[in-house]
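The structure appears below as structure tokens.
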Amino acid sequence: MLSLNGIGKRFGGLTALEGISFNVGKGSITGIIGPNGAGKTTLFNVATGIYPPSCGAVLLEGKDISKLPPEGRARLGLVRTFQNIELFGKMTVLENVMVGLHTRSSSGLFACSFRMPWQMSEERRIRERAMELLDFVGIPELAAVQAGTLSFGKGRLLEIARAMALEPKILLMDEPAAGLNSSETADLADLIKRIRDLGVTVALVEHDMDLVMDICDQLVVLNLGTMLAEGTPRQIQDNPAVITAYLGEE
Amino acid sequence: MKTDRIKFLVFALVVLLIPLPLSGGYLTNVLIFVGINSVLALGLNLLLGYAGQISLGQAAFFGLGAYGSGVLTTAYAMNPWLAMIAVALCVAAFAFAIGFPVLRLKGHYLAMATLGVGVIVNIALNETVELTGGPSGLSGIPNLQVGSLTFDSDLKNYYLVWVFALGMILLSLNLVNSRFGRGLRAIHDSEVAARVMGVNARLMKVQVFTLSAFMSAIMGSLYCHVMTFISPSSFGFSMSVELLTMVVIGGLGSVYGSILGALLLTLLPEMLRTFQDYDIIVYGLLLITMTIYLPGGLAEGIPALFRRLVPVRKVTEGSDA
Amino acid sequence: MELLNQVTQFVISGLATGAIYALIGLSFAIIFNSTGIINFAQGEFVMLGGVLTIFSLNVLHLPLVAAIVVAVAVTTIIGLVFERLAIRPLKNATPLALIIITIGASILIRGLVMLLWGKDTQALPAFSGTDPISIAGATLLPQHLWIFGVTILVIVGCRLFFNHTISGKAMRACSFNRRAANLVGISVGRMVLFSFVISAAVGSLAGVIIAPLTMTAYDVGVMLGLKGFCAAIMGGMGSGLGTVLGGLILGTLESLGAGLISSGYKDAIAFFILLLILFIRPQGLFKKGETERV
Ligand SMILES: Nc1ncnc2c1ncn2[C@@H]1O[C@H](COP(=O)(O)OP(=O)(O)O)[C@@H](O)[C@H]1O
Ligand SMILES: [Mg+2]
């Protein structure tokens, strides 16, 4: 589904990523783990086109998307959530999801300002679909609330609903469980599995090892910007290099 | 949705009825300019209040519209309506072309770049003397005409300007409450998140910039035909700052706020005649105090004040949704 | 030969105004580097320098040196008050809010000066007379020498301050990383205040030394400020040599353009350069790009 080929990223003198190559298999849940500062978020930023890579290529379903801007990648089905939730804080929860439906609708400047009939019906459709998505993540009652006032946990769910609105082929989640309590984390695990069951490929960065071991089919371990290991959760658990560099520290 | 419609209808009715008791007096004349400034402020507000992109060069588009129409209808004796459309399209094309490099910039840099565009346009208006008449202005611009009706009195011009203004206000209201408007607000709140959600932020910013330029150019054309005389000093940096003040006072991200801001800032100097040029002191104070103490502008402040003054009635939430 | 002389002449006067732009650019950069704010009222500090010197000289009948000291001191106090009243109250202000506030301050200051001293253009007498000094066929005014001298002094002074004093180093630390600076015990708030104070002083000094050459009035701040900003942008908003070079290049181009092409478009030249740089090299002429953090 998503292939990274020899990705490298430098910030001035700092090498944040070097020689990262792996595939995220279609329909799988892939976990990306590694200590803080390993370059996981940077990898997502490169994959989604927020940062240009210093070298390497990003392929989506075999197609090179390295030259596309983030919105172009989103249109092709590569969508993400953010580590430090990036909601549209001044808009309502429902409107946030409706923005997620931007690529699933088409009314432009003219249709919108002249209220063309098709625009009105499209608007109705967007609204209904957005409500369904809020149902899907379990926060329909918050539809009219201003997004900026949400708790961390609810904000996470909204971010997921908004991302799902794009009908992604692959969803990248950056530390979705950070800041959640254990029952919220359990709900999240369930939600991620439901997303996978809808046919969406998932890649997630996560520190919560229990969650990762529970839901992931495949793991990639990053350390200091390089790939330390790759394999099934079992293989990673038994990998001596990983144990010393990462798990061993805990 | 419904209440929005009713609000607009009431507003339109008020606008259309106001001149009747005034019987074409001095106030009617002032209200013409309120109409023009409302649309100018609204155009800036779409850009600044909704998309979050500042422009300190709005007066340039207004000026290009005015001078375009002025020159074409005097030196080239072109049909004013045709000229208005042609000029507005040209100004929009100009805005679209410079929009891509300009709106790639953010924050302070964007402010400086738009300011630069504004200043360059103003210098050009001053320096192309053969065409524009330079600093001493351009006179003898004809009034607009429809059939045998010539817009040559304040009352007629009031209706001329406000019909245009009401139309643009209605279109803007539609726009901000739509997919496009949501996209703009998303860009304002977090451009990165908006782009990752598939919103083509670069294009939408340029589109709304172009729209605001188009609206300003139309108002410029109307202005030149209403005034029949124009000079570059009406379209300089101070005009851009005045428009900014209107938007900030009225309320960033509020359509009716822009109109309120335009109303206040157009009436204020008229009421403070003795104050002359010193109105910039008041503008300066307003810009600072509003931004610090009432960042939502009057559009937010007045309802808030109302709620504080009028004791809260118990209303069962959601029963009338 | 005639043309060559002319060109030399244009270059000399261009370098002198360029030095002024450099100083103003520097004053922009000082605030920008410790706060991330582009102060749109910067030009008014420059204007205040000139106007207040003339006031002290003509109305208070102070000797020139004292008049200059008073003007710079008063402007500095205005910079301090401005920071306290308009910048400090806003915590976590968006760039948009800061732009609007500093624009507000700019027209407020301009309006007050107009109210107090009227709209007339006034001249400050040159510091050491107006007998031209001729060098290699071109003439140099004594005021030019003052401008070059003061500019060099201020730049060297700033260098020493930022690199060799505790306060200067603390201010630089703030510009690199405010949170980290705070953690090591630097009072970021005080550094912000400092930056406004120093910046107002440098800006007003620029206004004082240019006043004898160009005359001054309540509204000269806008253009001077914008051109100073242009210089700072050319230098990548650093407070070092880049800005100085930017100012000198701008001044020279402007003077040559005005002299050889058309004087009416003189001001447009600066803005044209400004736009060009913002479009093509927003990080400045002499710097490499950086990646914005997400
Ligand atoms: N925009 C940037 N500019 C400079 N350095 C950055 C930037 N973004 C990330 N980094 C650096 O790259 C490294 C990896 O960061 P990050 O990808 O956020 O790590 P992780 O998400 O694995 O904790 C860190 O050292 C970080 O400081
Ligand atoms: Mg991270």
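Every chain in the structure tokens has a letter given in the order shown (A, B, ...), and although residue numbers restart at 1 in each chain, ligands are simply numbered from 1 in the order shown.
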Which residues are near Phe40 of chain C? Cut-off 8 Å, only C-alpha atoms, ignore same chain within fewer than 5 positions. Put them as an mmCIF file with C-alpha atoms, in the first residue's frame.
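Saved to selection-v1.cif:
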```cif
data_model
loop_
_atom_site.group_PDB
_atom_site.id
_atom_site.type_symbol
_atom_site.label_atom_id
_atom_site.label_comp_id
_atom_site.auth_asym_id
_atom_site.auth_seq_id
_atom_site.Cartn_x
_atom_site.Cartn_y
_atom_site.Cartn_z
ATOM 1 C CA ILE C 99 0.351 43.448 13.052
ATOM 2 C CA THR C 102 1.563 47.898 15.785
ATOM 3 C CA ILE C 103 -0.231 49.493 12.832
ATOM 4 C CA SER C 106 1.927 53.702 14.213
ATOM 5 C CA GLY C 225 10.152 52.359 8.079
#
```
- Message: At a cut-off of 8 Å and counting only C-alpha atoms and all ligand atoms, what residues surround ligand 2? Please answer as number ranges by chain.
- Response: A: 36-37, 39-42, 83, 174-175, 205
- Message: Taking only C-alpha atoms into account, find every residue of chain B that has an atom no more than 7 Å from chain C, and write it out as a list in words.
- Response: Pro101, Gly107, His108, Ala113, Gly116, Ile120, Ile123, Glu127, Tyr278, Ile280, Ile281, Tyr283, Gly284, Leu285, Leu287, Ile288, Thr291 and Ile292 of chain B
- Message: Between atom CA of Leu150 of chain A and atom CA of Val199 of chain B, what distance in Å does the model show, to one decimal?
- Response: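 Going from atom CA of Leu150 of chain A over to atom CA of Val199 of chain B, I get 23.0 Å.
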For Lys169 of chain C, find every residue with an atom within 12 Å (counting only C-alpha atoms), except residues of its own chain fewer than 3 positions away, and show them as a PDB file with all heavy atoms, in the first residue's frame.
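Once everything was written out, this is around09.pdb:
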```pdb
ATOM      1  N   SER C  34      14.034  39.075  19.157  1.00  0.00           N
ATOM      2  CA  SER C  34      13.708  38.632  20.512  1.00  0.00           C
ATOM      3  C   SER C  34      12.213  38.394  20.695  1.00  0.00           C
ATOM      4  O   SER C  34      11.807  37.878  21.727  1.00  0.00           O
ATOM      5  CB  SER C  34      14.240  39.619  21.549  1.00  0.00           C
ATOM      6  OG  SER C  34      13.673  40.866  21.339  1.00  0.00           O
ATOM      7  N   CYS C 158      26.232  47.689  18.748  1.00  0.00           N
ATOM      8  CA  CYS C 158      25.281  46.570  18.855  1.00  0.00           C
ATOM      9  C   CYS C 158      26.015  45.242  18.888  1.00  0.00           C
ATOM     10  O   CYS C 158      25.711  44.358  19.680  1.00  0.00           O
ATOM     11  CB  CYS C 158      24.312  46.586  17.674  1.00  0.00           C
ATOM     12  SG  CYS C 158      23.001  47.771  17.876  1.00  0.00           S
ATOM     13  N   ARG C 159      27.004  45.106  18.018  1.00  0.00           N
ATOM     14  CA  ARG C 159      27.819  43.893  17.977  1.00  0.00           C
ATOM     15  C   ARG C 159      28.375  43.587  19.360  1.00  0.00           C
ATOM     16  O   ARG C 159      28.212  42.494  19.890  1.00  0.00           O
ATOM     17  CB  ARG C 159      29.002  44.133  17.021  1.00  0.00           C
ATOM     18  CG  ARG C 159      28.836  43.490  15.669  1.00  0.00           C
ATOM     19  CD  ARG C 159      29.659  42.234  15.641  1.00  0.00           C
ATOM     20  NE  ARG C 159      28.843  41.087  15.270  1.00  0.00           N
ATOM     21  CZ  ARG C 159      28.771  40.606  14.029  1.00  0.00           C
ATOM     22  NH1 ARG C 159      29.390  41.190  13.039  1.00  0.00           N
ATOM     23  NH2 ARG C 159      28.061  39.536  13.790  1.00  0.00           N
ATOM     24  N   LEU C 160      29.031  44.608  19.932  1.00  0.00           N
ATOM     25  CA  LEU C 160      29.644  44.411  21.239  1.00  0.00           C
ATOM     26  C   LEU C 160      28.591  44.044  22.265  1.00  0.00           C
ATOM     27  O   LEU C 160      28.762  43.131  23.070  1.00  0.00           O
ATOM     28  CB  LEU C 160      30.380  45.694  21.675  1.00  0.00           C
ATOM     29  CG  LEU C 160      31.619  46.035  20.864  1.00  0.00           C
ATOM     30  CD1 LEU C 160      32.227  47.353  21.334  1.00  0.00           C
ATOM     31  CD2 LEU C 160      32.646  44.899  20.983  1.00  0.00           C
ATOM     32  N   PHE C 161      27.462  44.773  22.203  1.00  0.00           N
ATOM     33  CA  PHE C 161      26.408  44.533  23.185  1.00  0.00           C
ATOM     34  C   PHE C 161      25.886  43.094  23.101  1.00  0.00           C
ATOM     35  O   PHE C 161      25.804  42.385  24.097  1.00  0.00           O
ATOM     36  CB  PHE C 161      25.263  45.521  22.976  1.00  0.00           C
ATOM     37  CG  PHE C 161      24.075  45.255  23.860  1.00  0.00           C
ATOM     38  CD1 PHE C 161      24.113  45.576  25.210  1.00  0.00           C
ATOM     39  CD2 PHE C 161      22.933  44.661  23.346  1.00  0.00           C
ATOM     40  CE1 PHE C 161      23.034  45.314  26.028  1.00  0.00           C
ATOM     41  CE2 PHE C 161      21.837  44.402  24.154  1.00  0.00           C
ATOM     42  CZ  PHE C 161      21.894  44.736  25.501  1.00  0.00           C
ATOM     43  N   PHE C 162      25.561  42.665  21.870  1.00  0.00           N
ATOM     44  CA  PHE C 162      24.951  41.342  21.746  1.00  0.00           C
ATOM     45  C   PHE C 162      25.933  40.209  21.972  1.00  0.00           C
ATOM     46  O   PHE C 162      25.550  39.122  22.379  1.00  0.00           O
ATOM     47  CB  PHE C 162      24.283  41.189  20.370  1.00  0.00           C
ATOM     48  CG  PHE C 162      22.979  41.911  20.282  1.00  0.00           C
ATOM     49  CD1 PHE C 162      22.834  43.020  19.471  1.00  0.00           C
ATOM     50  CD2 PHE C 162      21.906  41.496  21.044  1.00  0.00           C
ATOM     51  CE1 PHE C 162      21.628  43.694  19.416  1.00  0.00           C
ATOM     52  CE2 PHE C 162      20.699  42.174  20.998  1.00  0.00           C
ATOM     53  CZ  PHE C 162      20.571  43.275  20.178  1.00  0.00           C
ATOM     54  N   ASN C 163      27.222  40.458  21.701  1.00  0.00           N
ATOM     55  CA  ASN C 163      28.174  39.355  21.825  1.00  0.00           C
ATOM     56  C   ASN C 163      28.934  39.344  23.138  1.00  0.00           C
ATOM     57  O   ASN C 163      29.460  38.319  23.542  1.00  0.00           O
ATOM     58  CB  ASN C 163      29.180  39.398  20.666  1.00  0.00           C
ATOM     59  CG  ASN C 163      28.519  39.044  19.354  1.00  0.00           C
ATOM     60  OD1 ASN C 163      27.448  38.440  19.346  1.00  0.00           O
ATOM     61  ND2 ASN C 163      29.131  39.422  18.250  1.00  0.00           N
ATOM     62  N   HIS C 164      28.998  40.497  23.798  1.00  0.00           N
ATOM     63  CA  HIS C 164      29.905  40.544  24.941  1.00  0.00           C
ATOM     64  C   HIS C 164      29.288  40.994  26.257  1.00  0.00           C
ATOM     65  O   HIS C 164      29.975  41.113  27.252  1.00  0.00           O
ATOM     66  CB  HIS C 164      31.109  41.434  24.615  1.00  0.00           C
ATOM     67  CG  HIS C 164      31.916  40.901  23.470  1.00  0.00           C
ATOM     68  ND1 HIS C 164      32.763  39.823  23.595  1.00  0.00           N
ATOM     69  CD2 HIS C 164      31.965  41.251  22.157  1.00  0.00           C
ATOM     70  CE1 HIS C 164      33.315  39.555  22.426  1.00  0.00           C
ATOM     71  NE2 HIS C 164      32.844  40.408  21.533  1.00  0.00           N
ATOM     72  N   THR C 165      28.010  41.312  26.292  1.00  0.00           N
ATOM     73  CA  THR C 165      27.428  41.652  27.584  1.00  0.00           C
ATOM     74  C   THR C 165      26.405  40.582  27.965  1.00  0.00           C
ATOM     75  O   THR C 165      25.875  39.891  27.101  1.00  0.00           O
ATOM     76  CB  THR C 165      26.707  43.017  27.559  1.00  0.00           C
ATOM     77  OG1 THR C 165      25.562  42.884  26.713  1.00  0.00           O
ATOM     78  CG2 THR C 165      27.597  44.119  27.041  1.00  0.00           C
ATOM     79  N   ILE C 166      26.163  40.468  29.244  1.00  0.00           N
ATOM     80  CA  ILE C 166      25.222  39.461  29.738  1.00  0.00           C
ATOM     81  C   ILE C 166      23.835  39.702  29.136  1.00  0.00           C
ATOM     82  O   ILE C 166      23.194  38.792  28.617  1.00  0.00           O
ATOM     83  CB  ILE C 166      25.125  39.533  31.282  1.00  0.00           C
ATOM     84  CG1 ILE C 166      26.481  39.185  31.894  1.00  0.00           C
ATOM     85  CG2 ILE C 166      24.036  38.606  31.787  1.00  0.00           C
ATOM     86  CD1 ILE C 166      26.787  37.718  31.910  1.00  0.00           C
ATOM     87  N   ARG C 172      20.009  37.319  22.863  1.00  0.00           N
ATOM     88  CA  ARG C 172      20.228  36.396  21.752  1.00  0.00           C
ATOM     89  C   ARG C 172      19.681  35.020  22.082  1.00  0.00           C
ATOM     90  O   ARG C 172      19.113  34.341  21.231  1.00  0.00           O
ATOM     91  CB  ARG C 172      21.727  36.318  21.428  1.00  0.00           C
ATOM     92  CG  ARG C 172      22.184  37.479  20.559  1.00  0.00           C
ATOM     93  CD  ARG C 172      23.402  37.090  19.771  1.00  0.00           C
ATOM     94  NE  ARG C 172      24.455  36.658  20.695  1.00  0.00           N
ATOM     95  CZ  ARG C 172      25.403  35.798  20.365  1.00  0.00           C
ATOM     96  NH1 ARG C 172      25.433  35.283  19.160  1.00  0.00           N
ATOM     97  NH2 ARG C 172      26.323  35.456  21.240  1.00  0.00           N
ATOM     98  N   ALA C 173      19.860  34.634  23.340  1.00  0.00           N
ATOM     99  CA  ALA C 173      19.336  33.327  23.756  1.00  0.00           C
ATOM    100  C   ALA C 173      17.831  33.282  23.529  1.00  0.00           C
ATOM    101  O   ALA C 173      17.289  32.295  23.037  1.00  0.00           O
ATOM    102  CB  ALA C 173      19.665  33.076  25.218  1.00  0.00           C
ATOM    103  N   CYS C 174      17.159  34.393  23.872  1.00  0.00           N
ATOM    104  CA  CYS C 174      15.704  34.448  23.665  1.00  0.00           C
ATOM    105  C   CYS C 174      15.352  34.254  22.206  1.00  0.00           C
ATOM    106  O   CYS C 174      14.357  33.627  21.866  1.00  0.00           O
ATOM    107  CB  CYS C 174      15.142  35.795  24.098  1.00  0.00           C
ATOM    108  SG  CYS C 174      15.072  35.963  25.847  1.00  0.00           S
ATOM    109  N   SER C 175      16.178  34.827  21.348  1.00  0.00           N
ATOM    110  CA  SER C 175      15.841  34.749  19.932  1.00  0.00           C
ATOM    111  C   SER C 175      15.994  33.321  19.423  1.00  0.00           C
ATOM    112  O   SER C 175      15.287  32.888  18.538  1.00  0.00           O
ATOM    113  CB  SER C 175      16.694  35.712  19.114  1.00  0.00           C
ATOM    114  OG  SER C 175      17.974  35.179  18.913  1.00  0.00           O
ATOM    115  N   PHE C 176      16.933  32.560  20.010  1.00  0.00           N
ATOM    116  CA  PHE C 176      17.089  31.169  19.558  1.00  0.00           C
ATOM    117  C   PHE C 176      15.954  30.306  20.078  1.00  0.00           C
ATOM    118  O   PHE C 176      15.361  29.537  19.359  1.00  0.00           O
ATOM    119  CB  PHE C 176      18.425  30.594  20.014  1.00  0.00           C
ATOM    120  CG  PHE C 176      19.586  31.170  19.272  1.00  0.00           C
ATOM    121  CD1 PHE C 176      20.649  31.736  19.946  1.00  0.00           C
ATOM    122  CD2 PHE C 176      19.589  31.172  17.883  1.00  0.00           C
ATOM    123  CE1 PHE C 176      21.717  32.270  19.258  1.00  0.00           C
ATOM    124  CE2 PHE C 176      20.663  31.702  17.188  1.00  0.00           C
ATOM    125  CZ  PHE C 176      21.723  32.267  17.877  1.00  0.00           C
ATOM    126  N   ALA C 181      15.400  29.692  27.107  1.00  0.00           N
ATOM    127  CA  ALA C 181      15.949  30.867  27.770  1.00  0.00           C
ATOM    128  C   ALA C 181      15.262  31.072  29.103  1.00  0.00           C
ATOM    129  O   ALA C 181      15.895  31.341  30.134  1.00  0.00           O
ATOM    130  CB  ALA C 181      15.770  32.094  26.876  1.00  0.00           C
ATOM    131  N   ILE C 186      16.408  33.316  32.358  1.00  0.00           N
ATOM    132  CA  ILE C 186      16.366  34.622  31.707  1.00  0.00           C
ATOM    133  C   ILE C 186      14.921  35.120  31.725  1.00  0.00           C
ATOM    134  O   ILE C 186      14.003  34.374  31.401  1.00  0.00           O
ATOM    135  CB  ILE C 186      16.860  34.515  30.250  1.00  0.00           C
ATOM    136  CG1 ILE C 186      18.323  34.097  30.245  1.00  0.00           C
ATOM    137  CG2 ILE C 186      16.679  35.835  29.512  1.00  0.00           C
ATOM    138  CD1 ILE C 186      18.856  33.767  28.866  1.00  0.00           C
ATOM    139  N   MET C 191      13.542  40.949  28.474  1.00  0.00           N
ATOM    140  CA  MET C 191      14.323  41.016  27.236  1.00  0.00           C
ATOM    141  C   MET C 191      13.500  41.623  26.106  1.00  0.00           C
ATOM    142  O   MET C 191      14.010  42.365  25.280  1.00  0.00           O
ATOM    143  CB  MET C 191      14.803  39.617  26.829  1.00  0.00           C
ATOM    144  CG  MET C 191      15.806  39.023  27.793  1.00  0.00           C
ATOM    145  SD  MET C 191      17.178  40.151  28.091  1.00  0.00           S
ATOM    146  CE  MET C 191      17.377  39.972  29.845  1.00  0.00           C
TER     147      MET C 191
END
```
- Message: Env of segment 153-166 of chain A: 6 Å cut, atoms = only C-alpha atoms, seq-sep filter 6 positions within chain, self excluded. Answer as an MDAnalysis selection string.
- Response: chainID A and resid 97 100:101 133 180
Writing out the chosen residues with C-alpha atoms as a compact mmCIF listing (two decimals), in the first residue's frame:
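Result file follows (part24.txt):
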```txt
# COMPACT_ATOMS: atom_id res chain seq x y z
CA VAL A 97 -15.76 16.57 10.05
CA GLY A 100 -12.83 16.33 6.17
CA LEU A 101 -15.46 15.76 3.50
CA LEU A 133 -18.89 9.65 11.16
CA LEU A 180 -5.75 8.63 27.18
```
- Return the neighbours of chain C among the residues of chain A, cut-off 8 Å, counting only C-alpha atoms, as a VMD selection string. chain A and resid 11 to 12 51
- Item | Exercise answer, chain A residues close to chain B, 6 Å and only C-alpha atoms, as JSON, numbers by chain | {"A": [70, 71, 74, 75, 88, 100, 103, 112, 113]}
Grab the residues selected above and save them as a PDB file, in the first residue's frame with all heavy atoms.
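Saved as part_13.pdb:
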```pdb
ATOM      1  N   PRO A  70       0.582  18.014   0.210  1.00  0.00           N
ATOM      2  CA  PRO A  70      -0.239  17.246   1.155  1.00  0.00           C
ATOM      3  C   PRO A  70      -1.677  17.054   0.670  1.00  0.00           C
ATOM      4  O   PRO A  70      -2.230  15.955   0.790  1.00  0.00           O
ATOM      5  CB  PRO A  70      -0.224  18.101   2.418  1.00  0.00           C
ATOM      6  CG  PRO A  70       0.986  18.934   2.325  1.00  0.00           C
ATOM      7  CD  PRO A  70       1.257  19.139   0.869  1.00  0.00           C
ATOM      8  N   GLU A  71      -2.272  18.131   0.098  1.00  0.00           N
ATOM      9  CA  GLU A  71      -3.677  18.004  -0.304  1.00  0.00           C
ATOM     10  C   GLU A  71      -3.835  17.010  -1.458  1.00  0.00           C
ATOM     11  O   GLU A  71      -4.838  16.314  -1.541  1.00  0.00           O
ATOM     12  CB  GLU A  71      -4.276  19.367  -0.658  1.00  0.00           C
ATOM     13  CG  GLU A  71      -3.578  20.158  -1.756  1.00  0.00           C
ATOM     14  CD  GLU A  71      -2.499  21.076  -1.231  1.00  0.00           C
ATOM     15  OE1 GLU A  71      -1.954  20.800  -0.141  1.00  0.00           O
ATOM     16  OE2 GLU A  71      -2.173  22.077  -1.904  1.00  0.00           O
ATOM     17  N   ALA A  74      -3.698  13.643   0.081  1.00  0.00           N
ATOM     18  CA  ALA A  74      -4.955  13.366   0.783  1.00  0.00           C
ATOM     19  C   ALA A  74      -6.010  12.894  -0.206  1.00  0.00           C
ATOM     20  O   ALA A  74      -6.758  11.959   0.067  1.00  0.00           O
ATOM     21  CB  ALA A  74      -5.431  14.613   1.513  1.00  0.00           C
ATOM     22  N   ARG A  75      -6.037  13.541  -1.364  1.00  0.00           N
ATOM     23  CA  ARG A  75      -7.019  13.153  -2.380  1.00  0.00           C
ATOM     24  C   ARG A  75      -6.834  11.712  -2.825  1.00  0.00           C
ATOM     25  O   ARG A  75      -7.785  11.023  -3.166  1.00  0.00           O
ATOM     26  CB  ARG A  75      -6.904  14.066  -3.612  1.00  0.00           C
ATOM     27  CG  ARG A  75      -7.647  15.338  -3.413  1.00  0.00           C
ATOM     28  CD  ARG A  75      -7.595  16.276  -4.583  1.00  0.00           C
ATOM     29  NE  ARG A  75      -8.305  17.484  -4.172  1.00  0.00           N
ATOM     30  CZ  ARG A  75      -9.611  17.622  -4.247  1.00  0.00           C
ATOM     31  NH1 ARG A  75     -10.355  16.667  -4.764  1.00  0.00           N
ATOM     32  NH2 ARG A  75     -10.190  18.720  -3.804  1.00  0.00           N
ATOM     33  N   PHE A  88      -9.638  22.205  13.964  1.00  0.00           N
ATOM     34  CA  PHE A  88     -10.009  23.574  13.613  1.00  0.00           C
ATOM     35  C   PHE A  88     -10.774  24.116  14.816  1.00  0.00           C
ATOM     36  O   PHE A  88     -11.986  23.960  14.936  1.00  0.00           O
ATOM     37  CB  PHE A  88     -10.840  23.587  12.335  1.00  0.00           C
ATOM     38  CG  PHE A  88     -10.162  22.860  11.206  1.00  0.00           C
ATOM     39  CD1 PHE A  88     -10.771  21.806  10.564  1.00  0.00           C
ATOM     40  CD2 PHE A  88      -8.879  23.225  10.810  1.00  0.00           C
ATOM     41  CE1 PHE A  88     -10.135  21.129   9.539  1.00  0.00           C
ATOM     42  CE2 PHE A  88      -8.228  22.545   9.783  1.00  0.00           C
ATOM     43  CZ  PHE A  88      -8.860  21.499   9.152  1.00  0.00           C
ATOM     44  N   GLY A 100     -13.403  17.599   6.611  1.00  0.00           N
ATOM     45  CA  GLY A 100     -12.826  16.330   6.166  1.00  0.00           C
ATOM     46  C   GLY A 100     -13.491  15.798   4.915  1.00  0.00           C
ATOM     47  O   GLY A 100     -12.894  15.050   4.142  1.00  0.00           O
ATOM     48  N   THR A 103     -12.821  16.709   0.158  1.00  0.00           N
ATOM     49  CA  THR A 103     -12.436  16.004  -1.071  1.00  0.00           C
ATOM     50  C   THR A 103     -13.580  15.156  -1.609  1.00  0.00           C
ATOM     51  O   THR A 103     -13.535  14.684  -2.734  1.00  0.00           O
ATOM     52  CB  THR A 103     -11.245  15.054  -0.831  1.00  0.00           C
ATOM     53  OG1 THR A 103     -11.614  14.128   0.197  1.00  0.00           O
ATOM     54  CG2 THR A 103     -10.018  15.814  -0.392  1.00  0.00           C
ATOM     55  N   CYS A 112     -21.122  27.983  -4.509  1.00  0.00           N
ATOM     56  CA  CYS A 112     -21.390  28.292  -3.110  1.00  0.00           C
ATOM     57  C   CYS A 112     -21.996  29.679  -2.954  1.00  0.00           C
ATOM     58  O   CYS A 112     -22.931  29.872  -2.189  1.00  0.00           O
ATOM     59  CB  CYS A 112     -20.117  28.203  -2.269  1.00  0.00           C
ATOM     60  SG  CYS A 112     -19.580  26.515  -2.004  1.00  0.00           S
ATOM     61  N   SER A 113     -21.468  30.687  -3.670  1.00  0.00           N
ATOM     62  CA  SER A 113     -21.993  32.029  -3.444  1.00  0.00           C
ATOM     63  C   SER A 113     -23.368  32.219  -4.084  1.00  0.00           C
ATOM     64  O   SER A 113     -24.171  32.999  -3.599  1.00  0.00           O
ATOM     65  CB  SER A 113     -21.007  33.105  -3.895  1.00  0.00           C
ATOM     66  OG  SER A 113     -20.409  32.758  -5.099  1.00  0.00           O
TER      67      SER A 113
END
```
- For Val244 of chain C, please output as number ranges by chain all residues within 12 Å (counting only C-alpha atoms; exclusion window: fewer than 4 positions along the same chain). C: 15-27, 29, 148, 151-152, 154-156, 228-240, 248-251, 285-286
- Distance criterion (only C-alpha atoms): nearest to Leu155 of chain B out of B:Ala51, B:Val247, B:Leu56, B:Val226: B:Val226
- Excluding Gly259 of chain C and residues on its chain fewer than 2 positions from it, collect all residues at most 12 Å away from it, counting only C-alpha atoms, and give them as a list in words.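 Here the qualifying residues turn out to be Leu3, Gln6, Val7, Thr8, Gln9, Phe10, Val11, Ser13, Gly14, Thr252, Leu253, Glu254, Ser255, Leu256, Gly257, Ile261, Ser262, Ser263, Gly264, Tyr265, Lys266 and Ile269 of chain C.
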- Task: Considering only C-alpha atoms, return as a PyMOL selection string whatever protein or nucleic-acid residues lie within 8 Å of Gly231 of chain A, sequence-local ones (same chain, fewer than 5 positions apart) excluded.
- Result: chain A and resi 218-220+236
- Message: As an exercise, work out the distance from atom CA of Leu241 of chain C to atom 1 (N, counted along the ligand's line) of ligand 1 in Å and give it to one decimal place.
- Response: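 Separation of atom CA of Leu241 of chain C and atom 1 (N, counted along the ligand's line) of ligand 1: 26.2 Å.
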- Task: For atom CA of Ala66 of chain B and atom CA of Val91 of chain B, quote the distance in Å rounded to one decimal.
- Result: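 Between atom CA of Ala66 of chain B and atom CA of Val91 of chain B the gap is 10.7 Å.
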